[in-house]
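S.K.: Pasting a structure below so you can have a look.
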Protein chains: 4
Amino acid sequence: MIIVTKPEATEAQIQHIVERIDEWGLKSEVSRGAQRVVIGVIGPEDKIREKPIAAIPGVESVTPVLKPYKLVSYEFRQTDSLVKVGDVTVGGKDVVVMSGPCSVENRDQITSIAKDVKSCGAKILRGGAFKPRTSPYTFQGLGVEGLKLLAEAREETGLPVITEVMDTKDLEEIEKYADCLQVGARNMQNFSLLKEVGRSKLPVMLKRGLAATIKDLLMSAEYILSEGNFNVMLCERGIRTFETMTRNTLDLNAVPVLKAETHLPVIVDPTHGIGVRPHIPAMALAAIAAGADGIMMEVHNNPELAKSDGEQALLPPEFEDVMRRMRAVAQAVGREM
Amino acid sequence: MIIVTKPEATEAQIQHIVERIDEWGLKSEVSRGAQRVVIGVIGPEDKIREKPIAAIPGVESVTPVLKPYKLVSYEFRQTDSLVKVGDVTVGGKDVVVMSGPCSVENRDQITSIAKDVKSCGAKILRGGAFKPRTSPYTFQGLGVEGLKLLAEAREETGLPVITEVMDTKDLEEIEKYADCLQVGARNMQNFSLLKEVGRSKLPVMLKRGLAATIKDLLMSAEYILSEGNFNVMLCERGIRTFETMTRNTLDLNAVPVLKAETHLPVIVDPTHGIGVRPHIPAMALAAIAAGADGIMMEVHNNPELAKSDGEQALLPPEFEDVMRRMRAVAQAVGREM
Amino acid sequence: MIIVTKPEATEAQIQHIVERIDEWGLKSEVSRGAQRVVIGVIGPEDKIREKPIAAIPGVESVTPVLKPYKLVSYEFRQTDSLVKVGDVTVGGKDVVVMSGPCSVENRDQITSIAKDVKSCGAKILRGGAFKPRTSPYTFQGLGVEGLKLLAEAREETGLPVITEVMDTKDLEEIEKYADCLQVGARNMQNFSLLKEVGRSKLPVMLKRGLAATIKDLLMSAEYILSEGNFNVMLCERGIRTFETMTRNTLDLNAVPVLKAETHLPVIVDPTHGIGVRPHIPAMALAAIAAGADGIMMEVHNNPELAKSDGEQALLPPEFEDVMRRMRAVAQAVGREM
Amino acid sequence: MIIVTKPEATEAQIQHIVERIDEWGLKSEVSRGAQRVVIGVIGPEDKIREKPIAAIPGVESVTPVLKPYKLVSYEFRQTDSLVKVGDVTVGGKDVVVMSGPCSVENRDQITSIAKDVKSCGAKILRGGAFKPRTSPYTFQGLGVEGLKLLAEAREETGLPVITEVMDTKDLEEIEKYADCLQVGARNMQNFSLLKEVGRSKLPVMLKRGLAATIKDLLMSAEYILSEGNFNVMLCERGIRTFETMTRNTLDLNAVPVLKAETHLPVIVDPTHGIGVRPHIPAMALAAIAAGADGIMMEVHNNPELAKSDGEQALLPPEFEDVMRRMRAVAQAVGREM
């Protein structure tokens, strides 16, 4: 940690800062420049990361040297983690596609779409049973009934199932049916939920919040790992910017940054990310070229009657087409699909 | 709702759109321009707001005419709501100040600060018992023990207490001690939590999320009201922008916009909003001038040893000074304090 | 154009709106809903696009039906434009790479780098002679001397040259040496400059500003085309968001959106876009997969002594490597390079 | 400057960094932590601020200690600057209001509005002759004819005149008529223009760009001061965020931050800042409470026929009303108006 003092800081204030560092069990090194004093803090930064050093009179700025995340950092493990969802491995050479409808609506719908996406090469089935909806007046998901239908679709197709958990009180029920938990963008900093999924035996896909920095995303993942669950995948799904011709701004920059910062697999969701149906395929191809380990994409067999997000679901033939193109790009960058 | 078709939309597609509207029980009016067809949808917009109209082939854009929120809208009630927190009324002529430390740390700290802020004119005591922290390795709050200390501070000072609820499973316990629930920025779209506090007897202060539009905030409030709890206050506490010289960007534009859109009281939190101690007073004054019904502000008697957010807490004498200046501005804009 | 009135709008106000539309030579169609009146305006929208209709009492909102850009729109031309830079064609099957240093520093530097990038497959040489720098105390470019060195490098390598024009008064001089003009992100809405380059015989690459929407970019391009210069390329080079682990947020979403909205070629600049050297190659690959017609990338033979932006320039061997990978991705998406 | 090395940095790389610092004529101090080496650079930071230190192998991060702006900094002058516009002083105890229409349209319009705003207490007349417009098809201003009309309005009212300069080639002509130059938000980083107005004898009001950080704004002002013109005012006029219920997000946080960072006067433009007519007064009051030295506000006597921005202009009676309320707030915060 590096502390820079204000130009008007007094000798007594500088002394006080040095004493505080000492009290906290760390060593300080004072360098005096022409206009400001710089105090380097030597020792385990964790000990004082959350101390309100900026509140000490005379301090102008505080700059950490080390990163605030540990278990998720690439430095910690130094090799890419593989996460198993059912018997599918994410994070290896294969680019894994997770697909299905936004919401589970009924048995026919989920089973039929599950078969479609499997036949096109998807490896994991997605479908929402508990749905976070902006408006209280819209379809909120089938709940436990939806979980049961997902499990039936798994029986029929063999695809493992990922579904969202929105509340700690639903977790136990969801664990009975799902193969992988999803924590949605809006709950990325629901720390109670993060701790609970951190105690689950199931793998977790954590989606980046709309206003979350990459560092925030890693800190939220750190919550899960720190509770003992290392089977975590991170998912970029668009951030909020000033642009209005797309629903969100899919931030593919996050892909290479995350691949360098963490050992966890990185998934990209172009459906929510760009949110404009005709442009989803281009973003899926770009995500793979950028280095994504997996793609989550929504497919619906009758989008104009879908109960949620129909305007951004691909039709099965569109999905088949983009899968073929994704495969070509995956091979061009040395991956399989 | 107004539907604009693509220039290349076929007559059959336009017919299909009209039929869908008909199926949904609404009337359509078709206007043919030189390049595009415009279809007006007449009737209760709620019925089709969430229909994926944009997924229908031939549709270029869909523009709602009515607002998606109802119970929270000014149109619905046509008069400002008054919210009672203990025996304090928020939303009337008085600008109400809520103050206290970020976290409850121990009996002495909370009681001493409670007395300080009361003597300066604060009407409601704030203090966190369950704390949402970015890092799992930092102080997470005293939990139920913190709630008890808050209740003791209320005993001593008579100030009603507001505290944050982070998880539906904690709600029952918090209701035993608090006078007002706070839903934090990170949980603004935790819809399970919104529904639960919507069933509470206590008033709720809902904070705007970092990436939440004003409309999103109103939709989240709509969740609470739609469950029957109309005692809701909205709180602007900063949005995330590209600026780095402030912690967040306190969006005071939200104050006049909210006052026009909704009947609910509007609170501003300059402490988190700008997040830079020396600049908090200026933003508090500006918030009152902009029309805020209340101010939430953090005060700590020993910021450099605070367990959270010490770097942005005011000292009691600083708080006393800003309260005096706030009173002058309140009077200048026809309010009391 | 669709005008929605306020719920409290009077009959006289509605009549006044209709009369105004009439005065402006257009037709109106009035639909009366339960709560609001909707007035459709039929006729050439251009005529009233800039009328301050929202200033008329009783108006709640005004929604245009048609897009504000014409000459740049895909609808206008219905086929992709090809832009010639020297004898290089941009916008066809070939993905064209423009490369070179940030600034021209001296003869050896620019000639040596020009040879390097040519041997790796770059088709156009970039180099700044007039440099927009955030600080007045840093290297501002060699000016005309730099232009001469660029022309010499063209002599030696045969690569046509693109360079930035910052001021209308420099244009004539730059036209003597360059094959293509670049309008930088900071000047994207310097409308005087746009008009002047619109009168130039040279092709123009227009870079998207940091806070420019895609619509803003197209409107700025419209300025150039409306002066008669149709040889325009658009360049995505990163927008400003809250993320701090990258210099900017390269918005690849803009690629498919622009390819659908306009006939003009779309270039991507991953160097400035992500601005973090090790991650530039991933973004270049992703840009091609997303459908970019060209890539602009900075290369320097001694980055740690570069006079500007050395920290984001690739070394020649790194450039050679990414060119090989870019070629593979281009082929995977049906392009050549 | 503080350089942190990568954990894997070799001893040779660290040595190389130290040598570079030495070559640049500065001293280095090396501190070895458990995981990383920290190199403090002692001496005048300006010398190496723009060196691409991050391009040196082994460097993880580079953090400056000193601020990149000098002449504009509060530290440089240690007292507030007063800027004279005609015989009006900006930056003292008086809050100065600049008002008038968006564009000069004709003699009657500008003279009549000038009289109106003067009678309400405005001290400076604004009016655009050269207009930056998003669309090439809209009114671009009257040019020199507009300047003459502004000068006539000054004759009639005695109000000094501020008007925008968009291009270096227009500067000489504008200097003949205006009392103060305005550099608009879109030209905030038009460095050629900044240098030219830096050589002018007239005072300059520099508006913050839509995506400009406060630091960027100060750096652009530094360009003007570094050419010798110290009569500079800074103007906050809204930044671009994700919010869509306001035209821009007026960032009042910038007011206290700028007042602390620089000696230059700070103006706020709520008209463009929030851009929604009924909410402009609230933001004007808030700006004064936040500490603004002046307010720029658009007034039009017939907004629905205005040639630009009519939808956000106040009517003279609305302006009179807000002026009265602004005066009360100014007094409440110890200012005059």
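The chains in the structure tokens are called A, B, ... from first to last as shown; in each chain the residues are counted from 1, and the ligands are counted from 1 in the order shown.
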Please identify every residue of chain C that has at least one atom no farther than 7 Å from an atom of chain B, counting only C-alpha atoms, and for each give the shortest atom pair and the distance in Å to one decimal, arranged by chain then increasing number, as CSV.

M.R.:
residue,atom,partner,partner_atom,distance
C:Gly33,CA,B:Ile42,CA,6.1
C:Ile42,CA,B:Gly33,CA,6.1
C:Gly43,CA,B:Gly33,CA,6.9
C:Arg240,CA,B:Phe242,CA,6.5
C:Thr241,CA,B:Phe242,CA,5.2
C:Phe242,CA,B:Phe242,CA,4.3

S.K.: Env of B:Gly158: 10 Å cut, atoms = only C-alpha atoms, seq-sep filter 3 positions within chain, self excluded. Answer as a ChimeraX atom specification.

M.R.: /B:86-87,114-115,118,123-125,151-155,161

S.K.: Which residues are near A:Gln182? Cut-off 7 Å, only C-alpha atoms, ignore same chain within fewer than 6 positions. Put them as an NGL selection string.

M.R.: :A and (162-165 or 204-206)

S.K.: Out of C:Gly58, C:Pro132, C:His300, C:Ala284, which residue has the shortest atom-to-atom distance to C:Thr111 when counting only C-alpha atoms?

M.R.: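 Answer, going by the shortest atom-to-atom distance: C:His300.
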
S.K.: Would you mind listing what lies within 7 Å of B:Arg199 as a ChimeraX atom specification, with only C-alpha atoms counted and same-chain residues fewer than 2 positions away left out?

M.R.: /B:195-197,201,227-229

S.K.: Keeping all heavy atoms for every residue in the selection just given, could you write it to a file as a short mmCIF file (atom, residue, chain, number, x, y, z; two decimals), in the first residue's frame?

M.R.:
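result26.cif written:
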data_model
loop_
_atom_site.label_atom_id
_atom_site.label_comp_id
_atom_site.auth_asym_id
_atom_site.auth_seq_id
_atom_site.Cartn_x
_atom_site.Cartn_y
_atom_site.Cartn_z
N LYS B 195 -40.50 -8.17 -2.74
CA LYS B 195 -41.83 -8.70 -2.43
C LYS B 195 -42.01 -8.87 -0.92
O LYS B 195 -43.07 -8.56 -0.37
CB LYS B 195 -42.04 -10.05 -3.14
CG LYS B 195 -42.27 -9.91 -4.64
CD LYS B 195 -42.45 -11.30 -5.27
CE LYS B 195 -42.39 -11.20 -6.79
NZ LYS B 195 -42.34 -12.54 -7.42
N GLU B 196 -40.97 -9.37 -0.26
CA GLU B 196 -41.09 -9.60 1.19
C GLU B 196 -41.27 -8.29 1.94
O GLU B 196 -42.11 -8.20 2.83
CB GLU B 196 -39.85 -10.34 1.72
CG GLU B 196 -39.74 -11.79 1.29
CD GLU B 196 -40.78 -12.69 1.96
OE1 GLU B 196 -41.32 -12.34 3.02
OE2 GLU B 196 -41.04 -13.77 1.39
N VAL B 197 -40.47 -7.27 1.63
CA VAL B 197 -40.64 -6.01 2.36
C VAL B 197 -41.97 -5.35 1.97
O VAL B 197 -42.52 -4.55 2.74
CB VAL B 197 -39.46 -5.02 2.18
CG1 VAL B 197 -38.15 -5.64 2.65
CG2 VAL B 197 -39.34 -4.52 0.74
N LYS B 201 -45.03 -4.57 7.69
CA LYS B 201 -45.79 -3.44 8.24
C LYS B 201 -44.90 -2.20 8.35
O LYS B 201 -45.39 -1.10 8.62
CB LYS B 201 -46.30 -3.78 9.66
CG LYS B 201 -47.30 -4.91 9.72
CD LYS B 201 -48.62 -4.42 10.26
CE LYS B 201 -49.81 -5.32 9.95
NZ LYS B 201 -49.53 -6.71 9.61
N GLU B 227 -47.45 -5.19 -3.38
CA GLU B 227 -47.70 -6.18 -2.33
C GLU B 227 -48.48 -5.56 -1.17
O GLU B 227 -48.75 -6.23 -0.17
CB GLU B 227 -46.37 -6.74 -1.80
CG GLU B 227 -45.59 -7.57 -2.81
CD GLU B 227 -46.25 -8.91 -3.11
OE1 GLU B 227 -47.00 -9.42 -2.26
OE2 GLU B 227 -46.00 -9.44 -4.22
N GLY B 228 -48.76 -4.27 -1.25
CA GLY B 228 -49.62 -3.65 -0.24
C GLY B 228 -48.96 -2.63 0.65
O GLY B 228 -49.61 -1.94 1.42
N ASN B 229 -47.62 -2.52 0.58
CA ASN B 229 -46.93 -1.57 1.45
C ASN B 229 -46.69 -0.27 0.69
O ASN B 229 -45.85 -0.19 -0.19
CB ASN B 229 -45.60 -2.18 1.93
CG ASN B 229 -44.91 -1.34 2.99
OD1 ASN B 229 -45.30 -0.18 3.22
ND2 ASN B 229 -43.92 -1.91 3.64
#

S.K.: As a PyMOL selection string, list the residues of stretch 17-232 of chain D assigned to helix (DSSP H, G or I) by DSSP on the backbone atoms of this structure.

M.R.: chain D and resi 17-23+46-49+53-55+74-77+107-120+144-157+168-177+185-187+191-198+214-226

S.K.: Identify, with DSSP run on backbone atoms, the residues in stretch 20-186 of chain C assigned to strand (DSSP E), and express the list as a ChimeraX atom specification.

M.R.: /C:27-32,37-42,59-63,83-85,88-90,96-100,124-126,161-164,180-183

S.K.: Need the shell around C:Ser112: protein/DNA/RNA residues with any atom at most 12 Å away, counting only C-alpha atoms. Skip same-chain ones fewer than 6 positions apart. Format as a ChimeraX atom specification?

M.R.: /C:100-101,104-106,118-119,125,149-150,152-154,156-157,299-302,316

S.K.: If you count only C-alpha atoms, which residues fall within 8 Å of B:Val232, apart from same-chain ones fewer than 4 positions away, as a list in words?

M.R.: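 Everything that qualifies: Val83, Pro203, Val204, Met205, Leu206, Ala221, Ile224, Leu225, Leu264 and Pro265 of chain B.
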
S.K.: Got time to write the residues from that selection, N, CA, C and O atoms, as a CSV table (one decimal), in the first residue's frame?

M.R.:
chain,number,residue,atom,x,y,z
B,83,VAL,N,-44.8,9.6,4.7
B,83,VAL,CA,-44.4,8.3,5.2
B,83,VAL,C,-44.0,8.5,6.7
B,83,VAL,O,-43.2,9.4,7.0
B,203,PRO,N,-42.2,0.9,7.2
B,203,PRO,CA,-41.9,1.6,6.1
B,203,PRO,C,-40.6,1.2,5.5
B,203,PRO,O,-39.8,0.5,6.2
B,204,VAL,N,-40.4,1.5,4.2
B,204,VAL,CA,-39.2,1.0,3.5
B,204,VAL,C,-38.5,2.2,2.8
B,204,VAL,O,-39.2,2.9,2.1
B,205,MET,N,-37.2,2.3,2.9
B,205,MET,CA,-36.4,3.2,2.1
B,205,MET,C,-35.7,2.3,1.0
B,205,MET,O,-34.9,1.5,1.4
B,206,LEU,N,-36.0,2.6,-0.2
B,206,LEU,CA,-35.4,1.9,-1.3
B,206,LEU,C,-34.3,2.7,-2.0
B,206,LEU,O,-34.6,3.8,-2.5
B,221,ALA,N,-39.8,0.0,-6.8
B,221,ALA,CA,-40.8,0.5,-5.8
B,221,ALA,C,-42.2,-0.1,-6.1
B,221,ALA,O,-42.9,-0.4,-5.2
B,224,ILE,N,-42.9,-3.2,-4.3
B,224,ILE,CA,-43.3,-3.1,-2.9
B,224,ILE,C,-44.7,-2.7,-2.7
B,224,ILE,O,-45.5,-3.2,-2.0
B,225,LEU,N,-45.1,-1.6,-3.5
B,225,LEU,CA,-46.5,-1.1,-3.4
B,225,LEU,C,-47.5,-2.2,-3.8
B,225,LEU,O,-48.6,-2.3,-3.2
B,264,LEU,N,-44.1,9.5,-4.0
B,264,LEU,CA,-43.3,9.0,-2.9
B,264,LEU,C,-42.2,10.0,-2.5
B,264,LEU,O,-41.7,10.7,-3.3
B,265,PRO,N,-41.9,10.1,-1.2
B,265,PRO,CA,-40.8,11.0,-0.8
B,265,PRO,C,-39.5,10.6,-1.3
B,265,PRO,O,-39.2,9.4,-1.6
